[in-house]
Amino acid sequence: MKLTHLVLTLNVFLFLCFSPVSADTDLKSKYPQDYFRSPLGIPLVLAGTFGELRNNHFHGGIDCKTNKQENLNIYSIADGYVSRVKIQTGGYGYALYIDHPNGYTSVYAHLNGFTGNIGRFVKERQYEQQSFTVDITVPPGMLQVQKGQIVAKSGNTGSSTAPHLHFEIRDSALEVPINPLAFGYKIPDTRHPFFSGAAIYPFDENNRYGSPKTYKVVKKDNGVYSLGVTTVKVTTPQIGLGAKAYDKQNGANNMNGIYSMEAWKDGQRFFYFDVERISFDETRYINCHLDYEGKKSGRGNMQKLFLDPGNYLTAYEGVLNRG
């Protein structure tokens with residue numbers, strides 16, 4: 001994905017930068033880049049990105065378009081063995097978990113069904129348990145698979161509103177989802193992420209903030225975004241900032257989430273957030289990261305560039321004075 005930056009200026013003293021996952025050069029040394037193949041036999045086009053903002057959680061994988069079709073082949077991304085199979089009426093619907101010898105687990109969800117020995121194994125367990133819904137832990141090595149083996153068919157099961165594949169890569173030992181795009185998947189992306197709004201929050205002397213003043217943003221020819229006003233007046237000792245930003249990928253008009261966000265003042269970065277990995281234990285803190293009251297009031301997903309007390313997300317780095 002293309003390295004891009006967006007800049008929002010506020011009287012020249014502040015700017016925010018957004019960049020895709022490929023901007024983080026450290027990822028290439030942290031995660032294998034050529035180990036995994038694609039889970040689909042068609043080019044990957046994203047309907048949803050890792051860590052993007054959902055109701056009460058950060059998205060734990062990527063949503064891959066299946067050309068509005070069901071029953072496309074789903075391939076194991078590497079050698080390994082099936083470690084878990086889950087079928088439920090909501091949630092992930094039909095879901096398959098494969099453990100790989102390099103310490104990662106791949107997850108494939110919203111499937112229509114499983115193929116070969118996996119399908120027969122699951123049907124036998126359903127009959128044994130006399131239940132359609134099952135959550136089966138598979139003994140290691142019982143259902144071995146090879147890289148490129150067809151293991152399932154894509155679908156629209158569970159809490160899915162259109163045919164697609166929800167795909168995850170997790171740290172097997174910690175059960176923590178990691179951004180799949182950190183593993184070297186090449187997805188064409190020449191479209192820049194963009195701002196759609198900004199906010200300024202007044203802070204009183206007790207570090208409590210009130211309702212924000214929201215602003216439209218204007219994009220200039222050089223890619224810089226500015227507020228729709230020339231001067232911003234504040235009457236409190238400190239302020240907090242908020243921003244709405246999205247990304248669109250080649251071949252899709254979905255309003256996808258961004259990978260990273262940073263804010264600078266007078267040449268110093270004071271806020272940084274990225275979605276390289278987010279554990280299930282932390283995902284509920286989305287309601288601290290977002291302006292929750294604003295969302296309830298219909299103002300949408302304004303991301304706060306400051307930290308509430310009790311916000312224990314580990315996705316932040318180098319935040320000065322809580323932002």
# chains A, B, ... in the order shown; residues from 1 in each chain; ligands from 1
>>> select_by_dssp(residues="segment 217-301 of chain A", states="strand (DSSP E or B)", output="MDAnalysis selection string")
chainID A and resid 217:219 224:227 238:247 256 260:265 268:274 277 290
>>> write_last_selection(atoms="N, CA, C and O atoms", output="compact mmCIF listing (two decimals), in the first residue's frame")
# COMPACT_ATOMS: atom_id res chain seq x y z
N VAL A 217 -13.39 20.72 7.27
CA VAL A 217 -12.02 20.91 6.82
C VAL A 217 -12.01 21.11 5.31
O VAL A 217 -12.88 20.63 4.59
N VAL A 218 -11.01 21.85 4.85
CA VAL A 218 -10.88 22.18 3.43
C VAL A 218 -9.54 21.67 2.94
O VAL A 218 -8.49 21.96 3.54
N LYS A 219 -9.56 20.91 1.85
CA LYS A 219 -8.32 20.38 1.30
C LYS A 219 -7.74 21.37 0.29
O LYS A 219 -8.44 21.86 -0.60
N VAL A 224 -2.64 19.56 1.89
CA VAL A 224 -2.82 20.02 3.26
C VAL A 224 -4.29 20.34 3.49
O VAL A 224 -4.96 20.91 2.63
N TYR A 225 -4.77 19.96 4.67
CA TYR A 225 -6.15 20.27 5.06
C TYR A 225 -6.14 21.41 6.08
O TYR A 225 -5.30 21.42 6.98
N SER A 226 -7.05 22.33 5.94
CA SER A 226 -7.19 23.42 6.89
C SER A 226 -8.62 23.49 7.39
O SER A 226 -9.55 22.99 6.73
N LEU A 227 -8.78 24.11 8.54
CA LEU A 227 -10.13 24.36 9.03
C LEU A 227 -10.81 25.39 8.14
O LEU A 227 -10.16 26.18 7.45
N GLN A 238 -6.41 24.89 28.51
CA GLN A 238 -5.91 23.87 27.60
C GLN A 238 -7.04 23.45 26.67
O GLN A 238 -8.23 23.64 26.97
N ILE A 239 -6.66 22.84 25.55
CA ILE A 239 -7.64 22.28 24.63
C ILE A 239 -7.22 20.86 24.27
O ILE A 239 -6.05 20.48 24.39
N GLY A 240 -8.18 20.08 23.83
CA GLY A 240 -7.93 18.77 23.24
C GLY A 240 -8.43 18.80 21.81
O GLY A 240 -9.30 19.60 21.46
N LEU A 241 -7.88 17.95 20.98
CA LEU A 241 -8.23 17.93 19.57
C LEU A 241 -8.89 16.61 19.20
O LEU A 241 -8.67 15.57 19.83
N GLY A 242 -9.69 16.66 18.15
CA GLY A 242 -10.31 15.46 17.60
C GLY A 242 -10.28 15.52 16.09
O GLY A 242 -10.19 16.59 15.50
N ALA A 243 -10.33 14.35 15.45
CA ALA A 243 -10.29 14.31 13.99
C ALA A 243 -11.11 13.14 13.49
O ALA A 243 -11.13 12.06 14.10
N LYS A 244 -11.79 13.35 12.38
CA LYS A 244 -12.43 12.28 11.63
C LYS A 244 -11.60 12.04 10.38
O LYS A 244 -11.27 12.98 9.66
N ALA A 245 -11.26 10.79 10.13
CA ALA A 245 -10.48 10.47 8.94
C ALA A 245 -10.82 9.07 8.45
O ALA A 245 -11.13 8.18 9.26
N TYR A 246 -10.74 8.89 7.16
CA TYR A 246 -11.08 7.61 6.54
C TYR A 246 -10.11 7.33 5.41
O TYR A 246 -9.31 8.17 5.01
N ASP A 247 -10.20 6.11 4.88
CA ASP A 247 -9.37 5.74 3.75
C ASP A 247 -10.23 4.97 2.75
O ASP A 247 -11.14 4.22 3.14
N ASN A 256 -13.13 2.98 4.71
CA ASN A 256 -12.32 2.16 5.59
C ASN A 256 -11.61 2.98 6.64
O ASN A 256 -11.45 4.20 6.53
N SER A 260 -2.71 4.60 11.06
CA SER A 260 -2.04 5.33 12.13
C SER A 260 -2.41 6.80 12.07
O SER A 260 -2.86 7.32 11.06
N MET A 261 -2.21 7.46 13.21
CA MET A 261 -2.58 8.86 13.34
C MET A 261 -1.60 9.51 14.32
O MET A 261 -1.27 8.94 15.36
N GLU A 262 -1.10 10.70 13.97
CA GLU A 262 -0.21 11.39 14.87
C GLU A 262 -0.49 12.88 14.82
O GLU A 262 -1.02 13.40 13.83
N ALA A 263 -0.15 13.57 15.90
CA ALA A 263 -0.39 15.01 16.02
C ALA A 263 0.88 15.68 16.52
O ALA A 263 1.58 15.16 17.39
N TRP A 264 1.17 16.85 15.94
CA TRP A 264 2.38 17.59 16.26
C TRP A 264 2.03 19.03 16.62
O TRP A 264 1.07 19.58 16.09
N LYS A 265 2.84 19.61 17.47
CA LYS A 265 2.72 21.02 17.83
C LYS A 265 4.12 21.63 17.90
O LYS A 265 4.98 21.11 18.61
N GLN A 268 7.02 19.25 17.49
CA GLN A 268 7.14 18.13 18.41
C GLN A 268 5.89 17.26 18.35
O GLN A 268 4.77 17.77 18.46
N ARG A 269 6.08 15.98 18.16
CA ARG A 269 4.94 15.07 18.17
C ARG A 269 4.47 14.85 19.59
O ARG A 269 5.27 14.50 20.46
N PHE A 270 3.16 15.05 19.82
CA PHE A 270 2.64 14.87 21.18
C PHE A 270 1.59 13.78 21.26
O PHE A 270 1.11 13.47 22.35
N PHE A 271 1.24 13.18 20.13
CA PHE A 271 0.24 12.12 20.16
C PHE A 271 0.52 11.16 19.01
O PHE A 271 0.78 11.57 17.89
N TYR A 272 0.47 9.84 19.30
CA TYR A 272 0.63 8.83 18.25
C TYR A 272 -0.25 7.63 18.58
O TYR A 272 -0.33 7.19 19.73
N PHE A 273 -0.91 7.11 17.55
CA PHE A 273 -1.81 5.95 17.70
C PHE A 273 -1.69 5.11 16.44
O PHE A 273 -1.68 5.64 15.34
N ASP A 274 -1.52 3.77 16.60
CA ASP A 274 -1.58 2.92 15.42
C ASP A 274 -2.24 1.59 15.78
O ASP A 274 -2.38 1.24 16.95
N ARG A 277 -1.68 -4.06 16.33
CA ARG A 277 -2.34 -5.20 17.00
C ARG A 277 -3.23 -4.65 18.10
O ARG A 277 -2.92 -3.64 18.73
N LEU A 290 -12.90 7.04 21.18
CA LEU A 290 -13.87 7.86 20.45
C LEU A 290 -14.52 8.89 21.37
O LEU A 290 -14.53 8.74 22.59
>>> select_by_dssp(residues="segment 47-291 of chain A", states="helix (DSSP H, G or I)", output="VMD selection string")
chain A and resid 116 to 129 180 to 183 283 to 289
>>> atom_distance(atom1="atom CA of Leu27 of chain A", atom2="atom CA of Thr105 of chain A")
17.8 Å
>>> closest_residue(among="A:Arg84, A:Lys186, A:Lys30, A:Arg299", to="Tyr215 of chain A", atoms="only C-alpha atoms")
A:Arg299
>>> atom_distance(atom1="atom CA of Gly116 of chain A", atom2="atom CA of Ser38 of chain A")
20.0 Å
>>> residues_around(residues="Thr236 of chain A", least_positions_apart="6", cutoff="12 Å", atoms="only C-alpha atoms", output="list in words")
Ile200, Tyr201, Pro202, Phe203, Asp204, Glu205, Asn206, Asn207, Arg208, Tyr209 and Gly210 of chain A
>>> closest_residue(among="A:Leu307, A:Cys64, A:Val122, A:Ala78", to="Asn102 of chain A", atoms="only C-alpha atoms")
A:Ala78
>>> atom_distance(atom1="atom CA of Lys123 of chain A", atom2="atom CA of Asp135 of chain A")
12.3 Å
>>> residues_around(residues="segment 156-168 of chain A", least_positions_apart="5", cutoff="6 Å", atoms="only C-alpha atoms", output="PDB file with C-alpha atoms, in the first residue's frame")
ATOM      1  CA  GLY A  61      -9.286  -8.448  10.936  1.00  0.00           C
ATOM      2  CA  ILE A  62      -9.701  -7.381   7.335  1.00  0.00           C
ATOM      3  CA  ASP A  63     -12.871  -7.869   5.305  1.00  0.00           C
ATOM      4  CA  CYS A  64     -12.085  -9.130   1.801  1.00  0.00           C
ATOM      5  CA  LYS A  65     -14.591  -8.627  -0.991  1.00  0.00           C
ATOM      6  CA  THR A  66     -15.766 -11.738  -2.862  1.00  0.00           C
ATOM      7  CA  LYS A  68     -20.723 -10.103  -4.271  1.00  0.00           C
ATOM      8  CA  GLU A  70     -20.674 -16.823  -2.226  1.00  0.00           C
ATOM      9  CA  THR A  89     -26.052 -18.225  14.105  1.00  0.00           C
ATOM     10  CA  GLY A  90     -24.571 -14.754  14.747  1.00  0.00           C
ATOM     11  CA  GLY A  91     -21.031 -13.492  15.173  1.00  0.00           C
ATOM     12  CA  TYR A  92     -18.580 -15.133  12.789  1.00  0.00           C
ATOM     13  CA  GLY A  93     -21.113 -17.675  11.509  1.00  0.00           C
ATOM     14  CA  SER A 106      -5.169 -17.711  10.640  1.00  0.00           C
ATOM     15  CA  VAL A 107      -8.927 -17.218  11.031  1.00  0.00           C
ATOM     16  CA  TYR A 108     -11.532 -17.372   8.257  1.00  0.00           C
ATOM     17  CA  ALA A 109     -15.098 -16.292   9.067  1.00  0.00           C
ATOM     18  CA  HIS A 110     -18.607 -15.857   7.597  1.00  0.00           C
TER      19      HIS A 110
END
>>> closest_residue(among="A:Leu46, A:Asn321, A:Phe183, A:Val234", to="Gln33 of chain A", atoms="only C-alpha atoms")
A:Phe183
>>> residues_around(residues="Gly294 of chain A", least_positions_apart="6", cutoff="10 Å", atoms="only C-alpha atoms", output="JSON list (two decimals) with N, CA, C and O atoms, in the first residue's frame")
[["chain", "number", "residue", "atom", "x", "y", "z"],
["A", 211, "SER", "N", -18.15, 19.95, 25.82],
["A", 211, "SER", "CA", -18.58, 19.65, 24.46],
["A", 211, "SER", "C", -17.67, 20.39, 23.47],
["A", 211, "SER", "O", -17.31, 21.54, 23.67],
["A", 212, "PRO", "N", -17.32, 19.72, 22.37],
["A", 212, "PRO", "CA", -16.38, 20.31, 21.44],
["A", 212, "PRO", "C", -17.05, 21.27, 20.47],
["A", 212, "PRO", "O", -18.26, 21.23, 20.26],
["A", 300, "GLY", "N", -21.04, 11.21, 14.80],
["A", 300, "GLY", "CA", -20.17, 10.26, 14.11],
["A", 300, "GLY", "C", -18.94, 9.88, 14.91],
["A", 300, "GLY", "O", -18.83, 10.17, 16.11],
["A", 301, "ASN", "N", -17.97, 9.27, 14.22],
["A", 301, "ASN", "CA", -16.77, 8.74, 14.87],
["A", 301, "ASN", "C", -15.65, 9.76, 14.90],
["A", 301, "ASN", "O", -14.75, 9.77, 14.06],
["A", 302, "MET", "N", -15.70, 10.64, 15.89],
["A", 302, "MET", "CA", -14.62, 11.61, 16.11],
["A", 302, "MET", "C", -13.59, 10.95, 17.01],
["A", 302, "MET", "O", -13.88, 10.58, 18.16]]
>>> closest_residue(among="A:Asp221, A:Glu124, A:Asp99, A:Asp34", to="Gln146 of chain A", atoms="only C-alpha atoms")
A:Asp99
>>> closest_residue(among="A:Leu313, A:Ala47, A:Cys288, A:Ile87", to="Val275 of chain A", atoms="only C-alpha atoms")
A:Leu313
